[in-house]
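One file, final_8.txt, carrying compact mmCIF, C-alpha atoms:
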```txt
# COMPACT_ATOMS: atom_id res chain seq x y z
CA MET B 1 60.27 58.66 77.06
CA LYS B 2 56.93 59.42 75.37
CA VAL B 3 54.83 62.35 76.57
CA ALA B 4 51.35 63.41 75.52
CA LEU B 5 49.88 66.91 75.31
CA LEU B 6 46.17 67.66 75.55
CA GLN B 7 45.19 70.74 73.56
CA MET B 8 41.82 71.95 74.84
CA THR B 9 39.06 74.46 74.22
CA SER B 10 37.90 74.56 77.83
CA GLY B 11 34.58 76.20 78.57
CA ILE B 12 32.44 77.42 81.45
CA ASP B 13 31.07 73.97 82.43
CA ARG B 14 33.45 72.47 84.99
CA GLU B 15 31.91 69.00 84.72
CA ALA B 16 32.37 68.95 80.94
CA ASN B 17 35.97 70.10 81.28
CA ALA B 18 36.61 67.42 83.91
CA GLU B 19 35.24 64.78 81.55
CA ALA B 20 37.46 66.05 78.73
CA LEU B 21 40.49 65.80 81.00
CA ALA B 22 39.64 62.25 82.05
CA ASN B 23 39.15 61.23 78.42
CA GLY B 24 42.48 62.82 77.51
CA ILE B 25 44.23 60.84 80.24
CA SER B 26 42.71 57.61 78.91
CA GLU B 27 43.82 58.43 75.36
CA ALA B 28 47.33 59.42 76.47
CA ALA B 29 47.76 56.17 78.39
CA ALA B 30 46.45 54.12 75.47
CA GLY B 31 49.03 55.83 73.28
CA GLY B 32 51.86 54.72 75.56
CA ALA B 33 52.68 58.07 77.15
CA ALA B 34 54.42 58.09 80.52
CA MET B 35 53.03 61.55 81.31
CA LEU B 36 50.26 63.83 80.03
CA PHE B 37 50.51 67.64 80.00
CA THR B 38 47.36 69.83 79.99
CA PRO B 39 46.89 73.59 79.46
CA GLU B 40 46.48 76.53 81.78
CA MET B 41 42.93 76.81 83.14
CA SER B 42 42.07 73.25 82.12
CA GLY B 43 39.07 73.18 84.44
CA LEU B 44 37.45 76.54 83.60
CA VAL B 45 37.86 79.30 81.02
CA ASP B 46 35.47 82.13 81.81
CA GLN B 47 36.29 85.82 81.53
CA ASP B 48 32.99 86.76 83.19
CA ARG B 49 34.45 87.24 86.66
CA ALA B 50 31.13 87.27 88.51
CA ARG B 51 29.95 84.05 86.87
CA ALA B 52 33.34 82.37 87.25
CA ALA B 53 33.50 83.26 90.94
CA ARG B 54 30.44 81.08 91.56
CA SER B 55 32.31 78.08 90.12
CA ILE B 56 35.73 78.59 91.69
CA VAL B 57 36.03 76.38 94.77
CA PRO B 58 38.76 75.24 97.18
CA GLU B 59 41.17 72.58 95.98
CA ASP B 60 39.46 69.76 97.91
CA ASP B 61 36.13 70.48 96.18
CA ASP B 62 37.33 70.88 92.59
CA VAL B 63 35.75 68.36 90.22
CA ALA B 64 38.49 68.62 87.59
CA LEU B 65 41.26 67.89 90.08
CA ALA B 66 39.32 64.94 91.48
CA ALA B 67 38.63 63.57 88.00
CA VAL B 68 42.28 63.85 86.99
CA ARG B 69 43.47 62.11 90.13
CA ARG B 70 41.02 59.24 89.61
CA ALA B 71 41.89 58.85 85.93
CA ALA B 72 45.66 59.02 86.55
CA ALA B 73 45.37 56.20 89.08
CA ALA B 74 43.02 54.16 86.89
CA HIS B 75 45.33 54.35 83.88
CA GLY B 76 48.67 54.36 85.68
CA ILE B 77 49.97 57.58 84.13
CA TRP B 78 51.51 60.79 85.51
CA VAL B 79 49.78 64.08 84.72
CA HIS B 80 50.93 67.67 84.74
CA LEU B 81 47.60 69.45 85.20
CA GLY B 82 48.63 72.79 83.72
CA SER B 83 46.48 74.89 86.02
CA LEU B 84 43.10 75.31 87.66
CA ALA B 85 41.32 78.34 89.05
CA LEU B 86 40.97 77.66 92.77
CA ARG B 87 39.80 79.50 95.85
CA ARG B 88 42.47 79.93 98.53
CA PRO B 89 41.74 79.74 102.28
CA ASP B 90 41.96 83.56 102.43
CA GLY B 91 39.19 83.84 99.82
CA LYS B 92 41.48 85.02 97.02
CA PHE B 93 41.90 82.98 93.82
CA ALA B 94 44.98 81.02 92.74
CA ASN B 95 46.03 79.97 89.23
CA ARG B 96 47.52 76.65 90.36
CA GLY B 97 49.23 73.81 88.52
CA PHE B 98 49.70 70.27 89.79
CA VAL B 99 51.91 67.26 89.19
CA ILE B 100 49.97 64.06 89.86
CA ASP B 101 51.61 60.64 89.91
CA ALA B 102 50.42 57.32 88.51
CA GLU B 103 48.68 56.50 91.79
CA GLY B 104 46.68 59.73 91.71
CA GLN B 105 48.72 61.43 94.42
CA ILE B 106 49.64 65.10 94.22
CA ARG B 107 53.44 65.37 94.04
CA ALA B 108 53.75 69.12 93.53
CA ARG B 109 51.80 72.38 93.35
CA TYR B 110 52.76 75.65 91.73
CA ASP B 111 50.89 78.97 91.82
CA LYS B 112 51.53 81.28 88.88
CA LEU B 113 54.09 83.92 89.82
CA HIS B 114 53.61 86.55 87.10
CA LEU B 115 50.06 87.80 86.54
CA PHE B 116 48.86 88.99 83.13
CA ASP B 117 47.99 92.68 83.48
CA VAL B 118 48.24 94.18 79.98
CA ASP B 119 46.52 96.36 77.39
CA LEU B 120 47.04 94.99 73.88
CA PRO B 121 47.02 96.97 70.60
CA SER B 122 44.04 94.81 69.54
CA GLY B 123 41.98 96.51 72.25
CA GLU B 124 42.04 93.52 74.59
CA SER B 125 42.64 94.42 78.22
CA TRP B 126 43.50 91.85 80.87
CA ARG B 127 43.85 92.31 84.64
CA GLU B 128 44.60 88.91 86.13
CA SER B 129 45.66 90.53 89.39
CA ALA B 130 42.12 91.87 89.89
CA ALA B 131 41.02 88.35 90.83
CA TYR B 132 44.13 86.25 91.42
CA ALA B 133 46.95 86.32 93.95
CA PRO B 134 50.48 85.54 92.71
CA GLY B 135 52.48 82.57 93.89
CA GLU B 136 55.47 82.93 96.18
CA GLY B 137 58.06 80.49 94.83
CA ALA B 138 59.26 78.17 92.07
CA CYS B 139 59.17 74.37 91.92
CA VAL B 140 61.16 71.51 90.39
CA VAL B 141 59.74 68.00 90.80
CA LYS B 142 61.09 64.55 89.91
CA THR B 143 58.92 62.81 87.28
CA PRO B 144 59.30 59.88 84.87
CA VAL B 145 60.36 62.31 82.12
CA GLY B 146 63.01 64.02 84.25
CA ALA B 147 63.30 66.91 86.68
CA LEU B 148 60.32 69.07 85.73
CA GLY B 149 60.36 72.83 86.28
CA LEU B 150 56.89 74.32 86.65
CA SER B 151 55.57 77.60 85.27
CA ILE B 152 52.35 78.97 83.77
CA CYS B 153 51.68 81.08 80.67
CA TYR B 154 52.79 84.71 81.27
CA ASP B 155 55.75 83.36 83.29
CA LEU B 156 57.18 82.55 79.85
CA ARG B 157 58.33 86.15 79.43
CA PHE B 158 60.54 86.16 82.54
CA ALA B 159 63.81 84.42 81.75
CA ASP B 160 65.12 84.65 85.29
CA LEU B 161 62.48 82.13 86.43
CA TYR B 162 63.76 79.53 83.95
CA ARG B 163 67.35 80.26 84.92
CA ALA B 164 66.38 79.50 88.53
CA LEU B 165 64.60 76.30 87.46
CA SER B 166 67.49 75.01 85.36
CA ASP B 167 70.01 76.04 88.05
CA SER B 168 67.92 73.86 90.38
CA GLY B 169 68.27 70.85 88.10
CA ALA B 170 65.30 71.08 85.74
CA THR B 171 65.80 69.24 82.44
CA VAL B 172 62.21 69.69 81.24
CA LEU B 173 60.23 72.96 81.52
CA ALA B 174 56.43 72.86 81.62
CA ILE B 175 54.81 76.04 80.24
CA PRO B 176 51.04 75.47 80.02
CA ALA B 177 49.17 78.40 78.58
CA ALA B 178 46.01 80.11 77.40
CA PHE B 179 47.82 82.58 75.12
CA THR B 180 45.83 85.25 73.32
CA ARG B 181 45.95 85.11 69.54
CA PRO B 182 47.73 88.47 69.03
CA THR B 183 50.49 87.65 71.51
CA GLY B 184 50.66 84.07 70.27
CA VAL B 185 51.24 85.07 66.67
CA ALA B 186 53.92 87.54 67.72
CA HIS B 187 55.82 85.73 70.45
CA TRP B 188 54.71 82.15 71.28
CA HIS B 189 57.18 80.16 69.20
CA ILE B 190 60.05 82.61 69.66
CA LEU B 191 59.83 82.65 73.45
CA GLN B 192 59.32 78.90 73.83
CA ARG B 193 62.40 78.20 71.69
CA ALA B 194 64.42 80.80 73.60
CA ARG B 195 63.54 79.23 76.97
CA ALA B 196 64.61 75.80 75.68
CA ILE B 197 67.89 77.08 74.23
CA GLU B 198 69.01 79.17 77.20
CA ALA B 199 68.23 76.36 79.68
CA ALA B 200 69.43 73.55 77.36
CA ALA B 201 66.23 71.77 78.36
CA TYR B 202 63.07 70.43 76.78
CA VAL B 203 60.02 72.68 76.82
CA VAL B 204 56.56 71.11 76.96
CA ALA B 205 53.85 73.72 76.41
CA ALA B 206 50.24 72.47 76.36
CA ALA B 207 47.86 75.21 75.28
CA GLN B 208 44.24 76.25 75.06
CA THR B 209 42.97 76.76 71.51
CA GLY B 210 40.08 78.17 69.52
CA THR B 211 37.07 80.27 70.45
CA HIS B 212 35.73 79.53 73.92
CA GLU B 213 32.18 79.73 75.30
CA ASP B 214 32.98 83.01 77.03
CA GLY B 215 34.06 84.61 73.73
CA ARG B 216 37.79 84.42 74.41
CA ALA B 217 40.05 83.28 71.56
CA THR B 218 43.29 81.41 72.28
CA TYR B 219 46.23 80.63 70.04
CA GLY B 220 46.76 76.87 70.37
CA HIS B 221 50.01 75.52 68.89
CA SER B 222 50.90 73.29 71.83
CA LEU B 223 54.62 72.68 71.50
CA VAL B 224 57.45 70.40 72.44
CA VAL B 225 60.83 72.03 71.86
CA ASP B 226 64.15 70.21 72.30
CA PRO B 227 67.23 71.65 74.07
CA TRP B 228 68.70 72.82 70.74
CA GLY B 229 65.58 74.89 70.09
CA GLU B 230 64.13 72.57 67.47
CA VAL B 231 60.34 72.18 67.47
CA VAL B 232 59.58 68.46 67.65
CA LEU B 233 55.79 68.87 68.00
CA ASP B 234 53.47 71.70 66.97
CA MET B 235 49.79 70.80 67.32
CA GLY B 236 48.42 73.68 65.27
CA GLU B 237 44.96 74.90 66.22
CA ALA B 238 42.81 71.76 66.50
CA PRO B 239 41.97 70.39 69.95
CA GLY B 240 43.14 66.87 70.71
CA ILE B 241 46.09 64.76 71.81
CA GLY B 242 49.65 64.96 70.50
CA PHE B 243 52.66 62.79 71.31
CA ALA B 244 56.40 63.44 71.40
CA GLN B 245 59.59 61.88 72.74
CA ILE B 246 61.75 63.30 75.53
CA ASP B 247 65.30 62.08 74.87
CA THR B 248 67.55 62.46 77.91
CA ALA B 249 70.61 61.77 75.74
CA ARG B 250 69.70 64.83 73.69
CA ILE B 251 69.82 67.00 76.81
CA ALA B 252 73.28 65.69 77.73
CA ASP B 253 74.53 66.16 74.16
CA VAL B 254 73.39 69.78 73.91
CA ARG B 255 74.74 70.65 77.34
CA ALA B 256 78.09 69.16 76.40
CA ARG B 257 78.26 71.05 73.09
CA ILE B 258 77.38 74.44 74.61
CA PRO B 259 77.75 74.27 78.41
CA VAL B 260 75.74 77.38 79.19
CA LEU B 261 74.72 76.17 82.63
CA ARG B 262 78.36 75.76 83.71
CA HIS B 263 79.29 79.13 82.21
CA ARG B 264 76.64 81.14 84.04
CA LYS B 265 77.97 83.79 86.38
CA PRO B 266 76.40 86.08 88.95
CA ILE B 267 75.70 89.46 87.40
CA PRO B 268 77.92 92.16 88.95
CA ASN B 269 76.69 95.58 89.85
CA VAL B 270 75.47 97.48 86.81
CA GLN B 271 77.03 100.89 86.26
CA HIS B 272 74.54 103.67 85.56
CA ILE B 273 76.19 106.13 83.19
CA LEU B 274 73.50 108.54 82.10
```
Using structure tokens, write down the structure from this file.
Amino acid sequence: MKVALLQMTSGIDREANAEALANGISEAAAGGAAMLFTPEMSGLVDQDRARAARSIVPEDDDVALAAVRRAAAAHGIWVHLGSLALRRPDGKFANRGFVIDAEGQIRARYDKLHLFDVDLPSGESWRESAAYAPGEGACVVKTPVGALGLSICYDLRFADLYRALSDSGATVLAIPAAFTRPTGVAHWHILQRARAIEAAAYVVAAAQTGTHEDGRATYGHSLVVDPWGEVVLDMGEAPGIGFAQIDTARIADVRARIPVLRHRKPIPNVQHIL
């Protein structure tokens, strides 16, 4: 099954980002993909919180979501919209991903569980929790490419989430991201390959790339990793569309060779000997 990944340099203009998403869907469908994957914050990348707050709207009013739903239906293709910044009914913000089917219907939603609150050696400081509320649960959804487990960016560092997803039947893990360059250089490929190996599942990780209008710099390198940990697509740093194959026979073969899912056990009480 062919999938497409859209590597973006999203900016502060929601209409322009929506147009880029619609164009990516058209290109993915023309290339024969059954499903397109887009990055975290596909509809808006803006680290100016006051300015961004004026553009963040409820789900029903979001231009990027509407554009993706229209384009998915027009081209008959499924889309994993990596995430959008949205305003919740309580006024807080959500970092929310969507699975949209080939008729433009929303099949699943996922709000990012783990929020990026870090101080990096480069001097960068991020406090996602200052504006966003975390999600409250995980999600696996049936798609043309298999049972898809949803996550977003910083979730990548929490292996227990992917254990829960693969225990719940996920054979493909979506990990859209807007990774910083310092953390990307250090950990992006290593962690993506580890998640694929330990779950014996494909990883599809569409990413933001380049220098954005708000001054942020993201790492790029959108990836597809197979269940053996082999990188089958690395898009480097240029924005655009990439294609890869999801081979269900490969999943079955790897899980037969090393049946880690069957060998998993509950972790007993840990002794504290200090």
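Shortest separation to Ala74 of chain B among B:Tyr154, B:Lys265, B:Glu15, B:Ala22 occurs at residue B:Ala22, atoms counted being all atoms listed in the file.
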Where does segment 126-157 of chain B meet segment 242-264 of chain B within 12 Å, residue by residue, with the nearest atom pair and distance in Å to one decimal for each, counting only C-alpha atoms, listed by chain and rising number, as JSON lines?
```
{"residue": "B:Pro144", "atom": "CA", "partner": "B:Ile246", "partner_atom": "CA", "distance": 10.2}
{"residue": "B:Val145", "atom": "CA", "partner": "B:Ile246", "partner_atom": "CA", "distance": 6.8}
{"residue": "B:Gly146", "atom": "CA", "partner": "B:Thr248", "partner_atom": "CA", "distance": 8.0}
{"residue": "B:Ala147", "atom": "CA", "partner": "B:Thr248", "partner_atom": "CA", "distance": 10.7}
{"residue": "B:Leu148", "atom": "CA", "partner": "B:Ile246", "partner_atom": "CA", "distance": 11.8}
```
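We find atom CA of Tyr162 of chain B and atom CA of His80 of chain B to be spaced 17.5 Å apart.
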Skipping near chain neighbours, those fewer than 5 positions away, what residues fall within 7 Å of Ala133 of chain B using all atoms listed in the file, listed as a compact mmCIF listing (two decimals) with C-alpha atoms, in the coordinates of the input?
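What ended up in result.txt:
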```
# COMPACT_ATOMS: atom_id res chain seq x y z
CA LYS B 92 41.48 85.02 97.02
CA PHE B 93 41.90 82.98 93.82
CA ALA B 94 44.98 81.02 92.74
```
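Taking atom CA of Leu36 of chain B and atom CA of Ala102 of chain B as the two end points, the separation is 10.7 Å.
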Gly236 of chain B: which residues within 10 Å, counting all atoms listed in the file, same-chain residues fewer than 6 positions away excluded, as a PDB file with C-alpha atoms, in the frame of the given file?
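Written output follows (result35.pdb):
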```
ATOM      1  CA  GLN B   7      45.190  70.740  73.560  1.00  0.00           C
ATOM      2  CA  THR B 209      42.970  76.760  71.510  1.00  0.00           C
ATOM      3  CA  TYR B 219      46.230  80.630  70.040  1.00  0.00           C
ATOM      4  CA  GLY B 220      46.760  76.870  70.370  1.00  0.00           C
ATOM      5  CA  HIS B 221      50.010  75.520  68.890  1.00  0.00           C
ATOM      6  CA  SER B 222      50.900  73.290  71.830  1.00  0.00           C
ATOM      7  CA  LEU B 223      54.620  72.680  71.500  1.00  0.00           C
TER       8      LEU B 223
END
```
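Considering all atoms listed in the file, the residue among B:Ile175, B:Ile77, B:Ala164, B:Ala33 positioned nearest to Met1 of chain B is B:Ala33.
Shell of Asn17 of chain B at 9 Å, with all atoms listed in the file counted and residues fewer than 4 places along the chain excluded, is Met8, Thr9, Ser10, Gly11, Ile12, Asp13, Leu21, Ala22, Ser42, Gly43, Leu44 and Ala64 of chain B.
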Could you turn the residues from that selection into a file that holds C-alpha atoms, as a compact mmCIF listing (two decimals), keeping the file's coordinate frame?
```
# COMPACT_ATOMS: atom_id res chain seq x y z
CA MET B 8 41.82 71.95 74.84
CA THR B 9 39.06 74.46 74.22
CA SER B 10 37.90 74.56 77.83
CA GLY B 11 34.58 76.20 78.57
CA ILE B 12 32.44 77.42 81.45
CA ASP B 13 31.07 73.97 82.43
CA LEU B 21 40.49 65.80 81.00
CA ALA B 22 39.64 62.25 82.05
CA SER B 42 42.07 73.25 82.12
CA GLY B 43 39.07 73.18 84.44
CA LEU B 44 37.45 76.54 83.60
CA ALA B 64 38.49 68.62 87.59
```
Interatomic distance, atom CA of His212 of chain B to atom CA of Thr38 of chain B (Å, one decimal): 16.3 Å
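Shortest atom-to-atom contact with Phe158 of chain B among B:Leu113, B:Val140, B:Ile197, B:Ala205: B:Leu113, counting only C-alpha atoms.
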Counting all atoms listed in the file, the option among B:Ile100, B:Leu86, B:Ile241, B:Val57 closest to Arg69 of chain B: B:Ile100
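Nearest to Val63 of chain B of all the residues B:Gly91, B:Pro176, B:Asp101, B:Glu19 is B:Glu19, based on only C-alpha atoms.
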All residues 9 Å or closer to Ile152 of chain B, only C-alpha atoms, same chain fewer than 3 positions away omitted, as an NGL selection string: :B and (39-40 or 82-83 or 95-97 or 110-114 or 155-156 or 174-177)
Let me see the file: selected residues, C-alpha atoms, as a PDB file, in the coordinates of the input.
```pdb
ATOM      1  CA  PRO B  39      46.890  73.590  79.460  1.00  0.00           C
ATOM      2  CA  GLU B  40      46.480  76.530  81.780  1.00  0.00           C
ATOM      3  CA  GLY B  82      48.630  72.790  83.720  1.00  0.00           C
ATOM      4  CA  SER B  83      46.480  74.890  86.020  1.00  0.00           C
ATOM      5  CA  ASN B  95      46.030  79.970  89.230  1.00  0.00           C
ATOM      6  CA  ARG B  96      47.520  76.650  90.360  1.00  0.00           C
ATOM      7  CA  GLY B  97      49.230  73.810  88.520  1.00  0.00           C
ATOM      8  CA  TYR B 110      52.760  75.650  91.730  1.00  0.00           C
ATOM      9  CA  ASP B 111      50.890  78.970  91.820  1.00  0.00           C
ATOM     10  CA  LYS B 112      51.530  81.280  88.880  1.00  0.00           C
ATOM     11  CA  LEU B 113      54.090  83.920  89.820  1.00  0.00           C
ATOM     12  CA  HIS B 114      53.610  86.550  87.100  1.00  0.00           C
ATOM     13  CA  ASP B 155      55.750  83.360  83.290  1.00  0.00           C
ATOM     14  CA  LEU B 156      57.180  82.550  79.850  1.00  0.00           C
ATOM     15  CA  ALA B 174      56.430  72.860  81.620  1.00  0.00           C
ATOM     16  CA  ILE B 175      54.810  76.040  80.240  1.00  0.00           C
ATOM     17  CA  PRO B 176      51.040  75.470  80.020  1.00  0.00           C
ATOM     18  CA  ALA B 177      49.170  78.400  78.580  1.00  0.00           C
TER      19      ALA B 177
END
```
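In this comparison, which uses all atoms listed in the file, the residue of B:Phe37, B:Met235, B:Trp188, B:Gln208 approaching Leu173 of chain B most closely is B:Phe37.
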Residues within 6 Å of (43.8, 84.1, 69.8), file coords, all atoms listed in the file, listed as number ranges by chain: B: 180-182, 217-219
Long-range neighbours of Ser26 of chain B as a ChimeraX atom specification, 12 Å cut-off, only C-alpha atoms, 2 positions minimum in chain: /B:4,6,19-24,28-36,67-68,70-79,241
